[in-house]
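Structure file work35.cif; described as mmCIF, C-alpha atoms (C1' of nucleotides).
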```cif
data_target
loop_
_atom_site.group_PDB
_atom_site.id
_atom_site.type_symbol
_atom_site.label_atom_id
_atom_site.label_comp_id
_atom_site.auth_asym_id
_atom_site.auth_seq_id
_atom_site.Cartn_x
_atom_site.Cartn_y
_atom_site.Cartn_z
ATOM 1 C CA MET A 1424 -29.027 -37.830 8.998
ATOM 2 C CA ARG A 1425 -27.117 -36.743 12.046
ATOM 3 C CA ASN A 1426 -23.669 -35.089 11.830
ATOM 4 C CA ASN A 1427 -20.935 -33.809 14.118
ATOM 5 C CA LEU A 1428 -19.659 -31.084 11.876
ATOM 6 C CA LYS A 1429 -20.347 -28.200 14.199
ATOM 7 C CA VAL A 1430 -18.620 -29.926 17.101
ATOM 8 C CA GLU A 1431 -15.592 -30.989 15.084
ATOM 9 C CA ARG A 1432 -15.329 -27.567 13.542
ATOM 10 C CA ALA A 1433 -15.307 -26.037 17.015
ATOM 11 C CA ARG A 1434 -12.771 -28.614 18.170
ATOM 12 C CA HIS A 1435 -10.526 -27.600 15.291
ATOM 13 C CA ASN A 1436 -11.261 -23.934 15.766
ATOM 14 C CA LEU A 1437 -12.438 -23.314 12.251
ATOM 15 C CA THR A 1438 -15.044 -20.908 10.963
ATOM 16 C CA GLN A 1439 -17.569 -22.149 8.418
ATOM 17 C CA ALA A 1440 -15.705 -20.117 5.815
ATOM 18 C CA ALA A 1441 -12.353 -21.621 6.751
ATOM 19 C CA LEU A 1442 -13.691 -25.149 6.670
ATOM 20 C CA ALA A 1443 -15.416 -24.451 3.362
ATOM 21 C CA GLU A 1444 -12.126 -23.338 1.896
ATOM 22 C CA LYS A 1445 -10.312 -26.418 3.142
ATOM 23 C CA ALA A 1446 -13.028 -28.662 1.737
ATOM 24 C CA LYS A 1447 -13.260 -26.697 -1.487
ATOM 25 C CA VAL A 1448 -16.946 -25.898 -1.223
ATOM 26 C CA SER A 1449 -18.858 -22.705 -0.583
ATOM 27 C CA ARG A 1450 -19.482 -21.421 2.909
ATOM 28 C CA GLN A 1451 -23.207 -21.838 2.363
ATOM 29 C CA THR A 1452 -22.726 -25.502 1.662
ATOM 30 C CA ILE A 1453 -21.090 -26.017 5.050
ATOM 31 C CA ASN A 1454 -23.785 -23.972 6.722
ATOM 32 C CA ALA A 1455 -26.566 -25.897 5.021
ATOM 33 C CA ILE A 1456 -25.067 -29.230 6.016
ATOM 34 C CA GLU A 1457 -24.591 -28.166 9.622
ATOM 35 C CA SER A 1458 -28.161 -26.974 9.797
ATOM 36 C CA GLY A 1459 -29.484 -30.169 8.273
ATOM 37 C CA LYS A 1460 -30.723 -28.556 5.105
ATOM 38 C CA TYR A 1461 -29.080 -31.232 3.044
ATOM 39 C CA ILE A 1462 -26.720 -34.137 3.075
ATOM 40 C CA PRO A 1463 -23.201 -33.781 1.651
ATOM 41 C CA SER A 1464 -22.065 -35.823 -1.326
ATOM 42 C CA THR A 1465 -19.768 -38.751 -0.624
ATOM 43 C CA VAL A 1466 -16.861 -36.809 -2.079
ATOM 44 C CA LEU A 1467 -17.424 -34.020 0.402
ATOM 45 C CA ALA A 1468 -18.021 -36.455 3.258
ATOM 46 C CA LEU A 1469 -14.675 -38.103 2.495
ATOM 47 C CA ARG A 1470 -12.949 -34.734 2.330
ATOM 48 C CA LEU A 1471 -14.355 -33.758 5.720
ATOM 49 C CA SER A 1472 -13.305 -37.146 7.024
ATOM 50 C CA ALA A 1473 -9.746 -36.409 5.913
ATOM 51 C CA ILE A 1474 -9.761 -32.872 7.265
ATOM 52 C CA PHE A 1475 -10.926 -33.919 10.731
ATOM 53 C CA GLY A 1476 -9.042 -37.192 10.772
ATOM 54 C CA LEU A 1477 -12.215 -39.102 11.531
ATOM 55 C CA PRO A 1478 -13.986 -41.876 9.629
ATOM 56 C CA VAL A 1479 -17.057 -40.892 7.641
ATOM 57 C CA ASN A 1480 -19.124 -43.171 9.860
ATOM 58 C CA ALA A 1481 -18.049 -41.175 12.906
ATOM 59 C CA LEU A 1482 -18.948 -37.891 11.255
ATOM 60 C CA PHE A 1483 -22.270 -38.898 9.721
ATOM 61 C CA GLU A 1484 -24.880 -41.332 10.914
ATOM 62 C CA LEU A 1485 -28.078 -42.499 9.294
ATOM 63 C CA GLU A 1486 -31.254 -42.070 11.252
ATOM 64 C CA GLU A 1487 -33.906 -44.735 11.368
ATOM 65 C CA GLU A 1488 -35.881 -43.255 8.498
ATOM 66 C CA ASP A 1489 -32.913 -43.404 6.107
ATOM 67 C CA ARG A 1490 -31.712 -46.885 6.934
ATOM 68 C CA ALA A 1491 -32.071 -49.575 4.318
ATOM 69 C CA MET B 1043 -13.262 -42.355 -6.786
ATOM 70 C CA ARG B 1044 -12.289 -45.946 -6.233
ATOM 71 C CA ASN B 1045 -14.647 -48.501 -4.690
ATOM 72 C CA ASN B 1046 -14.694 -52.131 -3.581
ATOM 73 C CA LEU B 1047 -18.318 -52.834 -4.278
ATOM 74 C CA LYS B 1048 -17.800 -55.587 -6.789
ATOM 75 C CA VAL B 1049 -15.392 -57.427 -4.530
ATOM 76 C CA GLU B 1050 -17.539 -57.114 -1.423
ATOM 77 C CA ARG B 1051 -20.600 -58.121 -3.367
ATOM 78 C CA ALA B 1052 -18.794 -61.238 -4.556
ATOM 79 C CA ARG B 1053 -17.565 -61.894 -1.027
ATOM 80 C CA HIS B 1054 -21.148 -61.746 0.194
ATOM 81 C CA ASN B 1055 -22.443 -63.691 -2.768
ATOM 82 C CA LEU B 1056 -24.943 -61.121 -3.872
ATOM 83 C CA THR B 1057 -26.160 -60.231 -7.346
ATOM 84 C CA GLN B 1058 -26.448 -56.579 -8.290
ATOM 85 C CA ALA B 1059 -30.201 -56.972 -8.046
ATOM 86 C CA ALA B 1060 -30.023 -58.508 -4.579
ATOM 87 C CA LEU B 1061 -27.712 -55.798 -3.292
ATOM 88 C CA ALA B 1062 -29.902 -53.135 -4.856
ATOM 89 C CA GLU B 1063 -32.885 -54.488 -3.012
ATOM 90 C CA LYS B 1064 -31.026 -54.559 0.298
ATOM 91 C CA ALA B 1065 -29.840 -51.003 -0.228
ATOM 92 C CA LYS B 1066 -33.228 -49.827 -1.486
ATOM 93 C CA VAL B 1067 -31.990 -48.511 -4.800
ATOM 94 C CA SER B 1068 -32.431 -49.679 -8.377
ATOM 95 C CA ARG B 1069 -30.232 -52.364 -9.876
ATOM 96 C CA GLN B 1070 -28.983 -49.818 -12.396
ATOM 97 C CA THR B 1071 -27.764 -47.607 -9.610
ATOM 98 C CA ILE B 1072 -25.574 -50.393 -8.246
ATOM 99 C CA ASN B 1073 -24.354 -51.217 -11.721
ATOM 100 C CA ALA B 1074 -23.524 -47.593 -12.467
ATOM 101 C CA ILE B 1075 -21.595 -47.197 -9.235
ATOM 102 C CA GLU B 1076 -19.614 -50.387 -9.792
ATOM 103 C CA SER B 1077 -18.720 -49.295 -13.280
ATOM 104 C CA GLY B 1078 -17.680 -45.842 -12.089
ATOM 105 C CA LYS B 1079 -20.441 -44.019 -13.893
ATOM 106 C CA TYR B 1080 -21.241 -42.081 -10.790
ATOM 107 C CA ILE B 1081 -20.598 -41.735 -7.107
ATOM 108 C CA PRO B 1082 -23.192 -42.847 -4.579
ATOM 109 C CA SER B 1083 -24.829 -40.375 -2.243
ATOM 110 C CA THR B 1084 -23.683 -40.412 1.367
ATOM 111 C CA VAL B 1085 -26.942 -42.038 2.392
ATOM 112 C CA LEU B 1086 -26.308 -44.906 0.006
ATOM 113 C CA ALA B 1087 -22.637 -45.130 0.984
ATOM 114 C CA LEU B 1088 -23.668 -45.461 4.624
ATOM 115 C CA ARG B 1089 -26.229 -48.120 3.752
ATOM 116 C CA LEU B 1090 -23.626 -50.118 1.857
ATOM 117 C CA SER B 1091 -21.280 -49.658 4.787
ATOM 118 C CA ALA B 1092 -23.909 -51.193 7.066
ATOM 119 C CA ILE B 1093 -24.738 -54.018 4.653
ATOM 120 C CA PHE B 1094 -21.117 -55.077 4.259
ATOM 121 C CA GLY B 1095 -20.097 -54.309 7.807
ATOM 122 C CA LEU B 1096 -17.284 -52.082 6.603
ATOM 123 C CA PRO B 1097 -16.572 -48.405 7.196
ATOM 124 C CA VAL B 1098 -17.382 -46.050 4.339
ATOM 125 C CA ASN B 1099 -13.711 -45.158 4.146
ATOM 126 C CA ALA B 1100 -12.881 -48.808 3.461
ATOM 127 C CA LEU B 1101 -15.492 -49.050 0.742
ATOM 128 C CA PHE B 1102 -14.823 -45.762 -1.013
ATOM 129 C CA GLU B 1103 -11.629 -43.845 -1.472
ATOM 130 C CA LEU B 1104 -10.966 -40.472 -3.034
ATOM 131 C CA GLU B 1105 -8.454 -40.321 -5.827
ATOM 132 C CA GLU B 1106 -5.905 -37.569 -6.077
ATOM 133 C CA GLU B 1107 -8.060 -35.449 -8.367
ATOM 134 C CA ASP B 1108 -10.962 -35.353 -5.897
ATOM 135 C CA ARG B 1109 -8.999 -34.616 -2.756
ATOM 136 C CA ALA B 1110 -9.436 -31.240 -1.122
ATOM 137 C "C1'" DT C 1153 -21.813 1.032 22.167
ATOM 138 C "C1'" DT C 1154 -19.956 0.492 17.789
ATOM 139 C "C1'" DC C 1155 -17.849 -2.011 14.242
ATOM 140 C "C1'" DA C 1156 -16.345 -6.232 12.167
ATOM 141 C "C1'" DA C 1157 -16.489 -11.011 11.753
ATOM 142 C "C1'" DA C 1158 -19.261 -15.017 11.726
ATOM 143 C "C1'" DA C 1159 -23.385 -17.344 11.023
ATOM 144 C "C1'" DG C 1160 -28.104 -17.729 9.094
ATOM 145 C "C1'" DT C 1161 -31.049 -17.624 5.209
ATOM 146 C "C1'" DA C 1162 -33.092 -17.193 0.440
ATOM 147 C "C1'" DA C 1163 -33.566 -17.588 -4.582
ATOM 148 C "C1'" DA C 1164 -32.114 -18.832 -9.260
ATOM 149 C "C1'" DG C 1165 -29.467 -21.907 -11.844
ATOM 150 C "C1'" DC C 1166 -26.400 -25.898 -12.932
ATOM 151 C "C1'" DA C 1167 -24.694 -30.586 -12.265
ATOM 152 C "C1'" DA C 1168 -25.053 -35.058 -10.801
ATOM 153 C "C1'" DA C 1169 -27.465 -38.949 -8.310
ATOM 154 C "C1'" DC C 1170 -31.201 -41.819 -8.915
ATOM 155 C "C1'" DT C 1171 -35.540 -43.744 -11.097
ATOM 156 C "C1'" DT C 1172 -38.134 -46.122 -14.642
ATOM 157 C "C1'" DT C 1173 -38.516 -48.559 -18.837
ATOM 158 C "C1'" DA C 1174 -36.481 -51.183 -22.054
ATOM 159 C "C1'" DC C 1175 -33.400 -53.866 -24.660
ATOM 160 C "C1'" DA C 1176 -28.761 -56.291 -25.673
ATOM 161 C "C1'" DA C 1177 -24.817 -59.006 -24.266
ATOM 162 C "C1'" DA C 1178 -22.623 -62.196 -21.380
ATOM 163 C "C1'" DA C 1179 -22.492 -65.894 -18.122
ATOM 164 C "C1'" DA C 1180 -24.270 -69.852 -16.014
ATOM 165 C "C1'" DA C 1181 -27.193 -73.540 -15.603
ATOM 166 C "C1'" DT C 1182 -29.794 -77.470 -17.503
ATOM 167 C "C1'" DA D 549 -27.466 -76.036 -27.674
ATOM 168 C "C1'" DT D 550 -31.142 -73.772 -25.335
ATOM 169 C "C1'" DT D 551 -32.940 -71.376 -21.708
ATOM 170 C "C1'" DT D 552 -32.479 -68.490 -17.614
ATOM 171 C "C1'" DT D 553 -30.023 -65.417 -14.829
ATOM 172 C "C1'" DT D 554 -26.996 -61.742 -14.459
ATOM 173 C "C1'" DT D 555 -24.804 -57.847 -16.163
ATOM 174 C "C1'" DG D 556 -24.256 -53.902 -19.291
ATOM 175 C "C1'" DT D 557 -26.108 -49.920 -21.293
ATOM 176 C "C1'" DA D 558 -29.199 -46.058 -22.846
ATOM 177 C "C1'" DA D 559 -32.569 -42.285 -22.648
ATOM 178 C "C1'" DA D 560 -35.970 -39.298 -20.413
ATOM 179 C "C1'" DG D 561 -37.361 -37.391 -16.228
ATOM 180 C "C1'" DT D 562 -37.133 -36.120 -11.114
ATOM 181 C "C1'" DT D 563 -34.692 -34.862 -7.083
ATOM 182 C "C1'" DT D 564 -31.105 -32.873 -4.594
ATOM 183 C "C1'" DG D 565 -26.296 -31.204 -3.766
ATOM 184 C "C1'" DC D 566 -23.818 -27.203 -4.683
ATOM 185 C "C1'" DT D 567 -22.794 -22.469 -6.566
ATOM 186 C "C1'" DT D 568 -23.321 -17.527 -6.773
ATOM 187 C "C1'" DT D 569 -25.160 -13.313 -5.211
ATOM 188 C "C1'" DA D 570 -26.984 -10.899 -1.783
ATOM 189 C "C1'" DC D 571 -29.063 -9.490 2.375
ATOM 190 C "C1'" DT D 572 -30.071 -10.085 7.583
ATOM 191 C "C1'" DT D 573 -29.012 -11.524 12.189
ATOM 192 C "C1'" DT D 574 -25.960 -12.820 15.765
ATOM 193 C "C1'" DT D 575 -21.571 -12.831 18.145
ATOM 194 C "C1'" DG D 576 -17.725 -10.880 19.908
ATOM 195 C "C1'" DA D 577 -13.897 -7.820 20.141
ATOM 196 C "C1'" DA D 578 -12.232 -2.934 20.566
#
```
Output the structure of this file as structure tokens.
Amino acid sequence: MRNNLKVERARHNLTQAALAEKAKVSRQTINAIESGKYIPSTVLALRLSAIFGLPVNALFELEEEDRA
Amino acid sequence: MRNNLKVERARHNLTQAALAEKAKVSRQTINAIESGKYIPSTVLALRLSAIFGLPVNALFELEEEDRA
DNA sequence: TTCAAAAGTAAAGCAAACTTTACAAAAAAT
DNA sequence: ATTTTTTGTAAAGTTTGCTTTACTTTTGAA
């Protein structure tokens, strides 16, 4: 699973902590997602989509291995 | 969390079992999601998005209570 | 160079997604 | 009306997202 979080966060000039607060998750959760440690829930993905004004599909993309 | 699974599945003429197979999950998982028992993971949401040719945001929508 | 803010990382614990097995109810076909 | 397909539902177990606490490393400003 590939994601653009780091780039979008930079584009919006937000720290991991600030984004975490906006998305109502812990800072570690944002960090872990950015570093590929795990994949966000759909609720969180939709929240990030709203925060950045981008569709979920633009923010997250399945890699070959995860495709159905 | 609101979702259009049932409608899209009907539109594509798929049984729960057939969709489950396409999405590589169990039939019960599809059933549970349709009946609001739980929210799909982002991986599954993206797979369903691909199967139906619709953006995740069109398939799933946060309700007030879940918004950040 | 020093100090503070930001990012990285780790472990224990909880909650929820998902699986498997299994059976009942409803719908559709014959 | 009977049989078959589809849907609904339930329980036990596994996996994984997420939290909290806490400590280290990196970045950057003063």
- Could you list, as a ChimeraX atom specification, every residue of chain B that has an atom within 12 Å of an atom of chain C, counting all atoms listed in the file? /B:1066-1075,1079-1086
Once chain B is superposed on chain A with a least-squares fit on all C-alpha pairs taken in order, can you show it as a short mmCIF file (atom, residue, chain, number, x, y, z; two decimals) with C-alpha atoms, in the frame of the given file?
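Done, and the output landed in out17.cif:
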```cif
data_model
loop_
_atom_site.label_atom_id
_atom_site.label_comp_id
_atom_site.auth_asym_id
_atom_site.auth_seq_id
_atom_site.Cartn_x
_atom_site.Cartn_y
_atom_site.Cartn_z
CA MET B 1043 -29.03 -37.83 9.00
CA ARG B 1044 -27.12 -36.73 12.05
CA ASN B 1045 -23.69 -35.10 11.84
CA ASN B 1046 -20.93 -33.81 14.11
CA LEU B 1047 -19.67 -31.07 11.88
CA LYS B 1048 -20.33 -28.20 14.21
CA VAL B 1049 -18.61 -29.92 17.10
CA GLU B 1050 -15.58 -30.99 15.09
CA ARG B 1051 -15.32 -27.57 13.55
CA ALA B 1052 -15.30 -26.03 17.02
CA ARG B 1053 -12.77 -28.61 18.17
CA HIS B 1054 -10.52 -27.61 15.30
CA ASN B 1055 -11.23 -23.93 15.76
CA LEU B 1056 -12.43 -23.31 12.26
CA THR B 1057 -15.04 -20.90 10.97
CA GLN B 1058 -17.55 -22.13 8.42
CA ALA B 1059 -15.69 -20.11 5.83
CA ALA B 1060 -12.33 -21.62 6.76
CA LEU B 1061 -13.68 -25.15 6.66
CA ALA B 1062 -15.40 -24.45 3.36
CA GLU B 1063 -12.12 -23.34 1.88
CA LYS B 1064 -10.31 -26.43 3.14
CA ALA B 1065 -13.04 -28.66 1.74
CA LYS B 1066 -13.27 -26.71 -1.51
CA VAL B 1067 -16.95 -25.92 -1.24
CA SER B 1068 -18.88 -22.72 -0.60
CA ARG B 1069 -19.47 -21.43 2.91
CA GLN B 1070 -23.20 -21.84 2.33
CA THR B 1071 -22.72 -25.50 1.65
CA ILE B 1072 -21.10 -26.01 5.04
CA ASN B 1073 -23.77 -23.94 6.70
CA ALA B 1074 -26.56 -25.87 5.01
CA ILE B 1075 -25.08 -29.21 6.02
CA GLU B 1076 -24.61 -28.14 9.63
CA SER B 1077 -28.17 -26.93 9.79
CA GLY B 1078 -29.48 -30.15 8.25
CA LYS B 1079 -30.72 -28.52 5.09
CA TYR B 1080 -29.07 -31.19 3.03
CA ILE B 1081 -26.72 -34.11 3.08
CA PRO B 1082 -23.20 -33.79 1.69
CA SER B 1083 -22.08 -35.80 -1.29
CA THR B 1084 -19.78 -38.74 -0.62
CA VAL B 1085 -16.88 -36.80 -2.08
CA LEU B 1086 -17.43 -34.01 0.41
CA ALA B 1087 -18.02 -36.45 3.28
CA LEU B 1088 -14.69 -38.10 2.50
CA ARG B 1089 -12.95 -34.73 2.35
CA LEU B 1090 -14.36 -33.76 5.73
CA SER B 1091 -13.31 -37.16 7.03
CA ALA B 1092 -9.75 -36.42 5.91
CA ILE B 1093 -9.77 -32.86 7.28
CA PHE B 1094 -10.94 -33.93 10.72
CA GLY B 1095 -9.06 -37.19 10.78
CA LEU B 1096 -12.24 -39.11 11.52
CA PRO B 1097 -13.99 -41.88 9.63
CA VAL B 1098 -17.06 -40.89 7.65
CA ASN B 1099 -19.12 -43.18 9.85
CA ALA B 1100 -18.05 -41.17 12.90
CA LEU B 1101 -18.96 -37.89 11.24
CA PHE B 1102 -22.27 -38.90 9.71
CA GLU B 1103 -24.87 -41.33 10.89
CA LEU B 1104 -28.08 -42.51 9.28
CA GLU B 1105 -31.26 -42.09 11.25
CA GLU B 1106 -33.89 -44.78 11.39
CA GLU B 1107 -35.88 -43.32 8.51
CA ASP B 1108 -32.92 -43.46 6.11
CA ARG B 1109 -31.70 -46.94 6.93
CA ALA B 1110 -32.06 -49.62 4.30
#
```
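For the pair atom CA of B:Gly1095 and atom CA of A:Arg1425, the separation is 19.4 Å.
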Closest atom pairs, residues of chain B within 9 Å of chain D, all atoms listed in the file, as JSON lines:
```
{"residue": "B:Thr1057", "atom": "CA", "partner": "D:DT554", "partner_atom": "C1'", "distance": 7.3}
{"residue": "B:Gln1058", "atom": "CA", "partner": "D:DT554", "partner_atom": "C1'", "distance": 8.1}
{"residue": "B:Ala1059", "atom": "CA", "partner": "D:DT554", "partner_atom": "C1'", "distance": 8.6}
{"residue": "B:Asn1073", "atom": "CA", "partner": "D:DT555", "partner_atom": "C1'", "distance": 8.0}
```
What would the file look like if the residues just selected were written as a short mmCIF file (atom, residue, chain, number, x, y, z; two decimals), in the frame of the given file with C-alpha atoms?
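And here's selection.cif as it stands now:
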```cif
data_model
loop_
_atom_site.label_atom_id
_atom_site.label_comp_id
_atom_site.auth_asym_id
_atom_site.auth_seq_id
_atom_site.Cartn_x
_atom_site.Cartn_y
_atom_site.Cartn_z
CA THR B 1057 -26.16 -60.23 -7.35
CA GLN B 1058 -26.45 -56.58 -8.29
CA ALA B 1059 -30.20 -56.97 -8.05
CA ASN B 1073 -24.35 -51.22 -11.72
#
```
- Starting from the displayed file, determine the output of the PyMOL selection byres ((chain B and resi 1107) around 12) and express the residue list as a count of residues only. 11
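Using only C-alpha atoms for every distance, the candidate list A:Ala1441, A:Ala1446, A:Ala1473, A:Arg1434 yields A:Ala1446 as the residue closest to chain B.
Atom CA of B:Ser1077 lies 25.5 Å from atom CA of A:Phe1483.
Going from atom CA of B:Lys1064 to atom CA of B:Asn1099 covers 20.1 Å.
The shortest atom-to-atom distance to chain A, with only C-alpha atoms taken into account, belongs to B:Leu1088 out of B:Phe1094, B:Leu1088, B:Glu1076, B:Lys1048.
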Which centre and edge lengths in Å to one decimal define the box along x, y and z that fits every listed atom of stretch 1054-1060 of chain B plus 5 Å per side, as lines of an AutoDock Vina configuration file?
```
center_x = -25.7
center_y = -60.1
center_z = -4.0
size_x = 19.1
size_y = 17.1
size_z = 18.5
```
- Query: Hey, what's within 10 Å of A:Ala1481 if we count all atoms listed in the file and toss same-chain stuff fewer than 2 positions away? As a PyMOL selection string, please?
  - Reply: (chain A and resi 1426-1427+1472+1477-1479+1483-1484) or (chain B and resi 1097-1098)
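Restricting the calculation to all atoms listed in the file, the smallest distance between chain B and any of A:Gly1459, A:His1435, A:Leu1428, A:Ala1468 is found for A:Ala1468.
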Since the input is missing atoms, can you rebuild N, CA and C atoms for stretch 1081-1093 of chain B and write them as a PDB file, in the coordinates of the input?
```pdb
ATOM      1  N   ILE B1081     -20.961 -41.534  -8.501  1.00  0.00           N
ATOM      2  CA  ILE B1081     -20.598 -41.735  -7.107  1.00  0.00           C
ATOM      3  C   ILE B1081     -21.865 -41.773  -6.266  1.00  0.00           C
ATOM      4  N   PRO B1082     -21.972 -42.744  -5.381  1.00  0.00           N
ATOM      5  CA  PRO B1082     -23.192 -42.847  -4.579  1.00  0.00           C
ATOM      6  C   PRO B1082     -23.361 -41.667  -3.643  1.00  0.00           C
ATOM      7  N   SER B1083     -24.579 -41.394  -3.260  1.00  0.00           N
ATOM      8  CA  SER B1083     -24.829 -40.375  -2.243  1.00  0.00           C
ATOM      9  C   SER B1083     -24.295 -40.889  -0.907  1.00  0.00           C
ATOM     10  N   THR B1084     -24.166 -40.006   0.052  1.00  0.00           N
ATOM     11  CA  THR B1084     -23.683 -40.412   1.367  1.00  0.00           C
ATOM     12  C   THR B1084     -24.668 -41.358   2.045  1.00  0.00           C
ATOM     13  N   VAL B1085     -25.939 -41.133   1.820  1.00  0.00           N
ATOM     14  CA  VAL B1085     -26.942 -42.038   2.392  1.00  0.00           C
ATOM     15  C   VAL B1085     -26.709 -43.454   1.876  1.00  0.00           C
ATOM     16  N   LEU B1086     -26.533 -43.579   0.578  1.00  0.00           N
ATOM     17  CA  LEU B1086     -26.308 -44.906   0.006  1.00  0.00           C
ATOM     18  C   LEU B1086     -24.970 -45.496   0.463  1.00  0.00           C
ATOM     19  N   ALA B1087     -23.950 -44.663   0.519  1.00  0.00           N
ATOM     20  CA  ALA B1087     -22.637 -45.130   0.984  1.00  0.00           C
ATOM     21  C   ALA B1087     -22.744 -45.685   2.404  1.00  0.00           C
ATOM     22  N   LEU B1088     -23.500 -45.011   3.243  1.00  0.00           N
ATOM     23  CA  LEU B1088     -23.668 -45.461   4.624  1.00  0.00           C
ATOM     24  C   LEU B1088     -24.488 -46.750   4.679  1.00  0.00           C
ATOM     25  N   ARG B1089     -25.443 -46.882   3.795  1.00  0.00           N
ATOM     26  CA  ARG B1089     -26.229 -48.120   3.752  1.00  0.00           C
ATOM     27  C   ARG B1089     -25.345 -49.283   3.324  1.00  0.00           C
ATOM     28  N   LEU B1090     -24.520 -49.065   2.334  1.00  0.00           N
ATOM     29  CA  LEU B1090     -23.626 -50.118   1.857  1.00  0.00           C
ATOM     30  C   LEU B1090     -22.627 -50.473   2.952  1.00  0.00           C
ATOM     31  N   SER B1091     -22.177 -49.446   3.654  1.00  0.00           N
ATOM     32  CA  SER B1091     -21.280 -49.658   4.787  1.00  0.00           C
ATOM     33  C   SER B1091     -21.923 -50.597   5.805  1.00  0.00           C
ATOM     34  N   ALA B1092     -23.182 -50.362   6.089  1.00  0.00           N
ATOM     35  CA  ALA B1092     -23.909 -51.193   7.066  1.00  0.00           C
ATOM     36  C   ALA B1092     -24.110 -52.607   6.526  1.00  0.00           C
ATOM     37  N   ILE B1093     -24.480 -52.711   5.263  1.00  0.00           N
ATOM     38  CA  ILE B1093     -24.738 -54.018   4.653  1.00  0.00           C
ATOM     39  C   ILE B1093     -23.488 -54.889   4.669  1.00  0.00           C
TER      40      ILE B1093
END
```
